[in-house]
file structure_20.cif (mmCIF, C-alpha atoms, pLDDT in the B column; chains and numbers go by the auth columns)
data_entry
#
loop_
_atom_site.group_PDB
_atom_site.id
_atom_site.type_symbol
_atom_site.label_atom_id
_atom_site.label_comp_id
_atom_site.label_asym_id
_atom_site.label_seq_id
_atom_site.Cartn_x
_atom_site.Cartn_y
_atom_site.Cartn_z
_atom_site.B_iso_or_equiv
_atom_site.auth_seq_id
_atom_site.auth_asym_id
ATOM 1 C CA MET A 1 -9.272 3.177 -9.534 49.00 166 A
ATOM 2 C CA LEU A 2 -9.734 6.915 -9.037 52.00 167 A
ATOM 3 C CA GLY A 3 -12.993 6.862 -10.988 61.00 168 A
ATOM 4 C CA ASP A 4 -14.303 4.106 -8.722 57.00 169 A
ATOM 5 C CA VAL A 5 -13.389 6.038 -5.574 54.00 170 A
ATOM 6 C CA LEU A 6 -15.012 9.219 -6.901 59.00 171 A
ATOM 7 C CA ALA A 7 -18.187 7.347 -7.867 63.00 172 A
ATOM 8 C CA ALA A 8 -18.407 5.718 -4.428 58.00 173 A
ATOM 9 C CA TRP A 9 -17.727 9.024 -2.683 56.00 174 A
ATOM 10 C CA SER A 10 -20.385 10.816 -4.755 67.00 175 A
ATOM 11 C CA PHE A 11 -22.933 8.109 -3.935 61.00 176 A
ATOM 12 C CA ILE A 12 -22.082 8.265 -0.227 55.00 177 A
ATOM 13 C CA LYS A 13 -22.101 12.097 -0.146 60.00 178 A
ATOM 14 C CA GLU A 14 -25.623 12.150 -1.600 63.00 179 A
ATOM 15 C CA ARG A 15 -26.754 9.954 1.286 57.00 180 A
ATOM 16 C CA ALA A 16 -24.478 11.294 4.026 53.00 181 A
ATOM 17 C CA ASP A 17 -27.117 11.089 6.745 55.00 182 A
ATOM 18 C CA ALA A 18 -27.703 7.389 6.164 53.00 183 A
ATOM 19 C CA PHE A 19 -24.001 6.527 5.952 54.00 184 A
ATOM 20 C CA GLY A 20 -22.672 8.678 8.784 66.00 185 A
ATOM 21 C CA GLU A 21 -20.092 10.118 6.393 81.00 186 A
ATOM 22 C CA ILE A 22 -16.948 11.773 7.779 90.00 187 A
ATOM 23 C CA SER A 23 -13.983 13.117 5.825 91.00 188 A
ATOM 24 C CA ALA A 24 -10.639 14.866 6.253 95.00 189 A
ATOM 25 C CA MET A 25 -7.690 16.063 4.183 96.00 190 A
ATOM 26 C CA PHE A 26 -4.130 15.124 5.168 98.00 191 A
ATOM 27 C CA ALA A 27 -0.673 16.400 4.262 98.00 192 A
ATOM 28 C CA VAL A 28 2.192 14.216 3.077 96.00 193 A
ATOM 29 C CA ASP A 29 3.415 13.864 6.672 96.00 194 A
ATOM 30 C CA GLY A 30 0.035 12.471 7.806 96.00 195 A
ATOM 31 C CA GLU A 31 -1.020 15.651 9.626 97.00 196 A
ATOM 32 C CA ARG A 32 -4.643 16.750 9.222 97.00 197 A
ATOM 33 C CA ILE A 33 -5.071 19.863 7.093 97.00 198 A
ATOM 34 C CA ASP A 34 -8.843 20.095 7.412 96.00 199 A
ATOM 35 C CA GLY A 35 -11.900 18.019 8.184 95.00 200 A
ATOM 36 C CA SER A 36 -13.140 15.646 10.864 95.00 201 A
ATOM 37 C CA ASP A 37 -11.053 15.197 14.012 96.00 202 A
ATOM 38 C CA LYS A 38 -12.398 11.641 14.204 96.00 203 A
ATOM 39 C CA ILE A 39 -10.138 10.470 11.379 97.00 204 A
ATOM 40 C CA GLU A 40 -6.488 9.881 12.287 97.00 205 A
ATOM 41 C CA VAL A 41 -3.650 8.698 10.065 98.00 206 A
ATOM 42 C CA GLU A 42 -0.595 6.784 11.252 97.00 207 A
ATOM 43 C CA VAL A 43 2.644 7.056 9.263 97.00 208 A
ATOM 44 C CA ILE A 44 4.682 3.835 9.053 94.00 209 A
ATOM 45 C CA ARG A 45 8.304 4.171 7.950 91.00 210 A
ATOM 46 C CA GLY A 46 9.446 1.809 5.202 85.00 211 A
ATOM 47 C CA ARG A 47 12.824 0.357 4.295 82.00 212 A
ATOM 48 C CA SER A 48 14.328 3.705 3.285 85.00 213 A
ATOM 49 C CA LYS A 49 13.881 7.440 3.874 89.00 214 A
ATOM 50 C CA THR A 50 11.938 7.705 0.618 90.00 215 A
ATOM 51 C CA GLU A 51 9.400 5.006 1.500 91.00 216 A
ATOM 52 C CA TRP A 52 6.597 5.348 4.025 94.00 217 A
ATOM 53 C CA PHE A 53 3.081 3.995 4.374 95.00 218 A
ATOM 54 C CA TYR A 54 -0.140 5.317 5.848 97.00 219 A
ATOM 55 C CA ARG A 55 -2.688 3.494 7.953 97.00 220 A
ATOM 56 C CA ILE A 56 -6.017 5.048 8.884 97.00 221 A
ATOM 57 C CA LYS A 57 -6.777 4.367 12.532 97.00 222 A
ATOM 58 C CA GLU A 58 -9.842 2.202 12.759 96.00 223 A
ATOM 59 C CA ILE A 59 -13.159 3.561 14.006 95.00 224 A
ATOM 60 C CA GLU A 60 -15.633 0.860 14.907 93.00 225 A
ATOM 61 C CA GLY A 61 -18.328 0.501 12.273 91.00 226 A
ATOM 62 C CA TYR A 62 -16.568 2.657 9.641 92.00 227 A
ATOM 63 C CA VAL A 63 -14.883 1.796 6.342 92.00 228 A
ATOM 64 C CA PHE A 64 -12.458 4.250 4.738 94.00 229 A
ATOM 65 C CA LEU A 65 -11.736 5.297 1.153 90.00 230 A
ATOM 66 C CA TYR A 66 -8.564 7.282 0.490 93.00 231 A
ATOM 67 C CA MET A 67 -7.703 9.341 -2.552 91.00 232 A
ATOM 68 C CA PRO A 68 -4.609 11.375 -3.498 93.00 233 A
ATOM 69 C CA LEU A 69 -5.285 14.975 -4.510 90.00 234 A
ATOM 70 C CA ILE A 70 -3.210 14.403 -7.654 87.00 235 A
ATOM 71 C CA PRO A 71 -5.095 11.660 -9.524 82.00 236 A
ATOM 72 C CA SER A 72 -2.193 10.526 -11.715 86.00 237 A
ATOM 73 C CA VAL A 73 -0.320 8.702 -8.910 89.00 238 A
ATOM 74 C CA TYR A 74 -0.701 5.023 -8.042 89.00 239 A
ATOM 75 C CA VAL A 75 -1.414 3.237 -4.771 91.00 240 A
ATOM 76 C CA ASP A 76 0.986 0.624 -3.412 89.00 241 A
ATOM 77 C CA TYR A 77 0.024 -1.582 -0.454 90.00 242 A
ATOM 78 C CA GLY A 78 2.096 -2.623 2.541 89.00 243 A
ATOM 79 C CA THR A 79 2.388 -6.102 3.989 87.00 244 A
ATOM 80 C CA PRO A 80 2.169 -6.354 7.785 88.00 245 A
ATOM 81 C CA GLU A 81 5.011 -8.169 9.540 87.00 246 A
ATOM 82 C CA GLY A 82 4.437 -11.905 9.659 90.00 247 A
ATOM 83 C CA GLN A 83 1.929 -11.793 6.777 90.00 248 A
ATOM 84 C CA GLN A 84 2.373 -12.891 3.177 90.00 249 A
ATOM 85 C CA ASN A 85 -0.219 -10.721 1.456 92.00 250 A
ATOM 86 C CA PRO A 86 -0.493 -6.940 1.286 90.00 251 A
ATOM 87 C CA ASP A 87 -3.209 -5.235 3.330 93.00 252 A
ATOM 88 C CA ALA A 88 -5.269 -2.519 1.585 92.00 253 A
ATOM 89 C CA ARG A 89 -5.483 -0.648 4.907 94.00 254 A
ATOM 90 C CA ILE A 90 -1.711 0.031 4.668 95.00 255 A
ATOM 91 C CA PHE A 91 -0.991 2.183 1.616 95.00 256 A
ATOM 92 C CA ARG A 92 1.328 4.704 0.006 94.00 257 A
ATOM 93 C CA PHE A 93 1.340 6.759 -3.187 94.00 258 A
ATOM 94 C CA VAL A 94 3.918 6.021 -5.894 91.00 259 A
ATOM 95 C CA ALA A 95 4.787 7.243 -9.393 87.00 260 A
ATOM 96 C CA HIS A 96 4.161 4.003 -11.262 80.00 261 A
ATOM 97 C CA SER A 97 2.252 0.765 -10.869 74.00 262 A
ATOM 98 C CA MET A 98 5.391 -1.384 -10.697 69.00 263 A
ATOM 99 C CA ALA A 99 6.851 0.436 -7.669 64.00 264 A
ATOM 100 C CA SER A 100 7.078 -2.734 -5.568 62.00 265 A
ATOM 101 C CA PHE A 101 9.037 -4.565 -8.260 56.00 266 A
ATOM 102 C CA THR A 102 11.661 -1.997 -9.188 51.00 267 A
ATOM 103 C CA ALA A 103 15.201 -2.556 -7.929 49.00 268 A
ATOM 104 C CA GLY A 104 15.053 -1.798 -4.228 57.00 269 A
ATOM 105 C CA GLY A 105 11.525 -0.428 -4.480 68.00 270 A
ATOM 106 C CA ALA A 106 10.514 3.025 -5.676 81.00 271 A
ATOM 107 C CA GLY A 107 10.144 5.979 -3.360 86.00 272 A
ATOM 108 C CA ASN A 108 6.877 7.676 -2.508 92.00 273 A
ATOM 109 C CA VAL A 109 5.286 10.524 -4.391 93.00 274 A
ATOM 110 C CA GLU A 110 4.726 13.452 -2.051 95.00 275 A
ATOM 111 C CA VAL A 111 1.015 14.199 -2.343 96.00 276 A
ATOM 112 C CA ASP A 112 -1.715 15.309 0.033 96.00 277 A
ATOM 113 C CA PHE A 113 -4.764 13.055 0.253 96.00 278 A
ATOM 114 C CA VAL A 114 -8.375 12.888 1.351 94.00 279 A
ATOM 115 C CA VAL A 115 -9.974 10.185 3.507 95.00 280 A
ATOM 116 C CA PHE A 116 -13.711 9.462 3.442 90.00 281 A
ATOM 117 C CA GLY A 117 -15.269 7.327 6.136 91.00 282 A
ATOM 118 C CA TYR A 118 -18.735 5.800 6.050 86.00 283 A
ATOM 119 C CA ARG A 119 -20.748 3.148 7.862 85.00 284 A
ATOM 120 C CA PRO A 120 -21.471 0.248 5.491 81.00 285 A
ATOM 121 C CA ARG A 121 -24.337 -0.864 7.725 75.00 286 A
ATOM 122 C CA GLY A 122 -26.169 2.336 6.758 67.00 287 A
ATOM 123 C CA PHE A 123 -25.436 1.599 3.117 62.00 288 A
ATOM 124 C CA LEU A 124 -26.715 -1.990 3.372 64.00 289 A
ATOM 125 C CA ASN A 125 -29.869 -0.922 5.215 62.00 290 A
ATOM 126 C CA ARG A 126 -30.635 1.652 2.492 56.00 291 A
ATOM 127 C CA ALA A 127 -29.827 -0.703 -0.388 51.00 292 A
ATOM 128 C CA THR A 128 -32.254 -3.418 0.657 50.00 293 A
#
call {"tool": "encode", "arguments": {"input": "structure_20.cif", "output": "structure tokens"}}
result
Amino acid sequence: MLGDVLAAWSFIKERADAFGEISAMFAVDGERIDGSDKIEVEVIRGRSKTEWFYRIKEIEGYVFLYMPLIPSVYVDYGTPEGQQNPDARIFRFVAHSMASFTAGGAGNVEVDFVVFGYRPRGFLNRAT
């Protein structure tokens, strides 16, 4: 997964003007450390004090990639209330890939992360 994100980010960075690329780095608590003020992260509390999720506030026309600064952690996805399937826009970082299935759920890994935003319309226009 990390390799895919890095490859996509590299491709987008090389064509930043066409994609309208924006990026920011966030701390574990969802506060911006550096980068674009356009990107905002919401922290959603989970079932326990050790479980929380992030959601990147939508910006019309943008898609977001997120990446932990420690590449050895895994991503777990949250399921919105009233839904049956997880939503990739609601995420958290965990120590192992089976975090959702362990007894009571596993807690989060405390790790800062980077968010990259780009306009897919710019990508599609350049790719055709």
call {"tool": "closest_residue", "arguments": {"input": "structure_20.cif", "among": "A:Trp217, A:Glu207, A:Asp199, A:Ala253", "to": "Tyr231 (chain A)", "atoms": "all atoms listed in the file"}}
result
A:Ala253
call {"tool": "atom_distance", "arguments": {"input": "structure_20.cif", "atom1": "CA of Tyr283 (chain A)", "atom2": "CA of Gly211 (chain A)"}}
result
28.5 Å
call {"tool": "atom_distance", "arguments": {"input": "structure_20.cif", "atom1": "CA of Arg286 (chain A)", "atom2": "CA of Ile187 (chain A)"}}
result
14.6 Å
call {"tool": "resolve_selection", "arguments": {"input": "structure_20.cif", "expression": "the PyMOL selection byres ((chain A and resi 226) around 6)", "output": "list of chain:residue names"}}
result
A:Glu225, A:Tyr227, A:Arg284
call {"tool": "closest_residue", "arguments": {"input": "structure_20.cif", "among": "A:Ala260, A:Ala192, A:Val279, A:Ile209", "to": "Ser237 (chain A)", "atoms": "all atoms listed in the file"}}
result
A:Ala260
call {"tool": "residues_near_point", "arguments": {"input": "structure_20.cif", "point": "(8.4, 7.4, -5.9)", "cutoff": "9 Å", "atoms": "only C-alpha atoms", "output": "list in words"}}
result
Thr215, Glu216, Phe258, Val259, Ala260, His261, Ala264, Gly270, Ala271, Gly272, Asn273, Val274 and Glu275 of chain A
call {"tool": "atom_distance", "arguments": {"input": "structure_20.cif", "atom1": "CA of Glu186 (chain A)", "atom2": "CA of Pro236 (chain A)"}}
result
21.9 Å
call {"tool": "residues_around", "arguments": {"input": "structure_20.cif", "residues": "Glu223 (chain A)", "least_positions_apart": "3", "cutoff": "10 Å", "atoms": "all atoms listed in the file", "output": "number ranges by chain"}}
result
A: 203-206, 220, 226-229, 254, 282
call {"tool": "closest_residue", "arguments": {"input": "structure_20.cif", "among": "A:Asp252, A:Ile224, A:Val193, A:Ser188", "to": "Val208 (chain A)", "atoms": "only C-alpha atoms"}}
result
A:Val193
call {"tool": "closest_residue", "arguments": {"input": "structure_20.cif", "among": "A:Ile235, A:Val240, A:Lys214, A:Leu230", "to": "Asp277 (chain A)", "atoms": "all atoms listed in the file"}}
result
A:Ile235
call {"tool": "decode", "arguments": {"input": "structure_20.cif", "residues": "region 201-261 of chain A", "atoms": "C-alpha atoms", "output": "tab-separated table (two decimals), in the first residue's frame"}}
result
chain	number	residue	atom	x	y	z
A	201	SER	CA	-1.52	23.94	3.30
A	202	ASP	CA	-4.19	25.59	5.45
A	203	LYS	CA	-6.76	24.30	2.96
A	204	ILE	CA	-6.51	20.75	4.29
A	205	GLU	CA	-8.31	20.06	7.58
A	206	VAL	CA	-8.55	16.81	9.52
A	207	GLU	CA	-11.41	15.83	11.81
A	208	VAL	CA	-10.75	13.40	14.67
A	209	ILE	CA	-13.58	10.94	15.38
A	210	ARG	CA	-13.47	9.14	18.73
A	211	GLY	CA	-13.93	5.37	18.61
A	212	ARG	CA	-15.27	2.86	21.12
A	213	SER	CA	-12.42	3.34	23.58
A	214	LYS	CA	-9.77	5.90	24.57
A	215	THR	CA	-7.21	4.02	22.48
A	216	GLU	CA	-9.26	4.09	19.27
A	217	TRP	CA	-9.86	7.14	17.10
A	218	PHE	CA	-10.33	7.78	13.40
A	219	TYR	CA	-9.46	10.62	11.06
A	220	ARG	CA	-11.55	12.12	8.30
A	221	ILE	CA	-10.15	14.68	5.88
A	222	LYS	CA	-12.67	17.47	5.37
A	223	GLU	CA	-13.80	17.45	1.78
A	224	ILE	CA	-12.75	20.16	-0.66
A	225	GLU	CA	-14.82	20.22	-3.80
A	226	GLY	CA	-12.94	18.75	-6.74
A	227	TYR	CA	-10.11	17.24	-4.66
A	228	VAL	CA	-9.20	13.65	-3.80
A	229	PHE	CA	-6.89	12.91	-0.87
A	230	LEU	CA	-4.12	10.38	-0.25
A	231	TYR	CA	-2.90	9.92	3.32
A	232	MET	CA	0.31	8.31	4.49
A	233	PRO	CA	1.75	7.67	7.97
A	234	LEU	CA	5.29	8.94	8.50
A	235	ILE	CA	6.25	5.51	9.85
A	236	PRO	CA	5.64	3.16	6.90
A	237	SER	CA	5.41	-0.06	8.92
A	238	VAL	CA	1.92	0.66	10.34
A	239	TYR	CA	-1.36	-0.45	8.78
A	240	VAL	CA	-4.52	1.45	7.87
A	241	ASP	CA	-7.88	0.44	9.32
A	242	TYR	CA	-11.12	1.95	8.00
A	243	GLY	CA	-14.16	3.17	9.90
A	244	THR	CA	-17.78	2.42	9.11
A	245	PRO	CA	-20.17	5.38	9.27
A	246	GLU	CA	-23.25	4.98	11.46
A	247	GLY	CA	-26.09	3.30	9.61
A	248	GLN	CA	-23.74	1.82	6.98
A	249	GLN	CA	-22.56	-1.76	6.57
A	250	ASN	CA	-19.29	-1.22	4.74
A	251	PRO	CA	-16.19	0.70	5.82
A	252	ASP	CA	-15.47	4.04	4.15
A	253	ALA	CA	-11.88	4.69	3.00
A	254	ARG	CA	-12.34	8.38	3.87
A	255	ILE	CA	-12.51	7.40	7.58
A	256	PHE	CA	-9.20	5.87	8.65
A	257	ARG	CA	-6.81	5.19	11.50
A	258	PHE	CA	-3.33	3.71	11.87
A	259	VAL	CA	-2.88	0.38	13.67
A	260	ALA	CA	-0.06	-2.04	14.49
A	261	HIS	CA	-1.33	-5.02	12.53
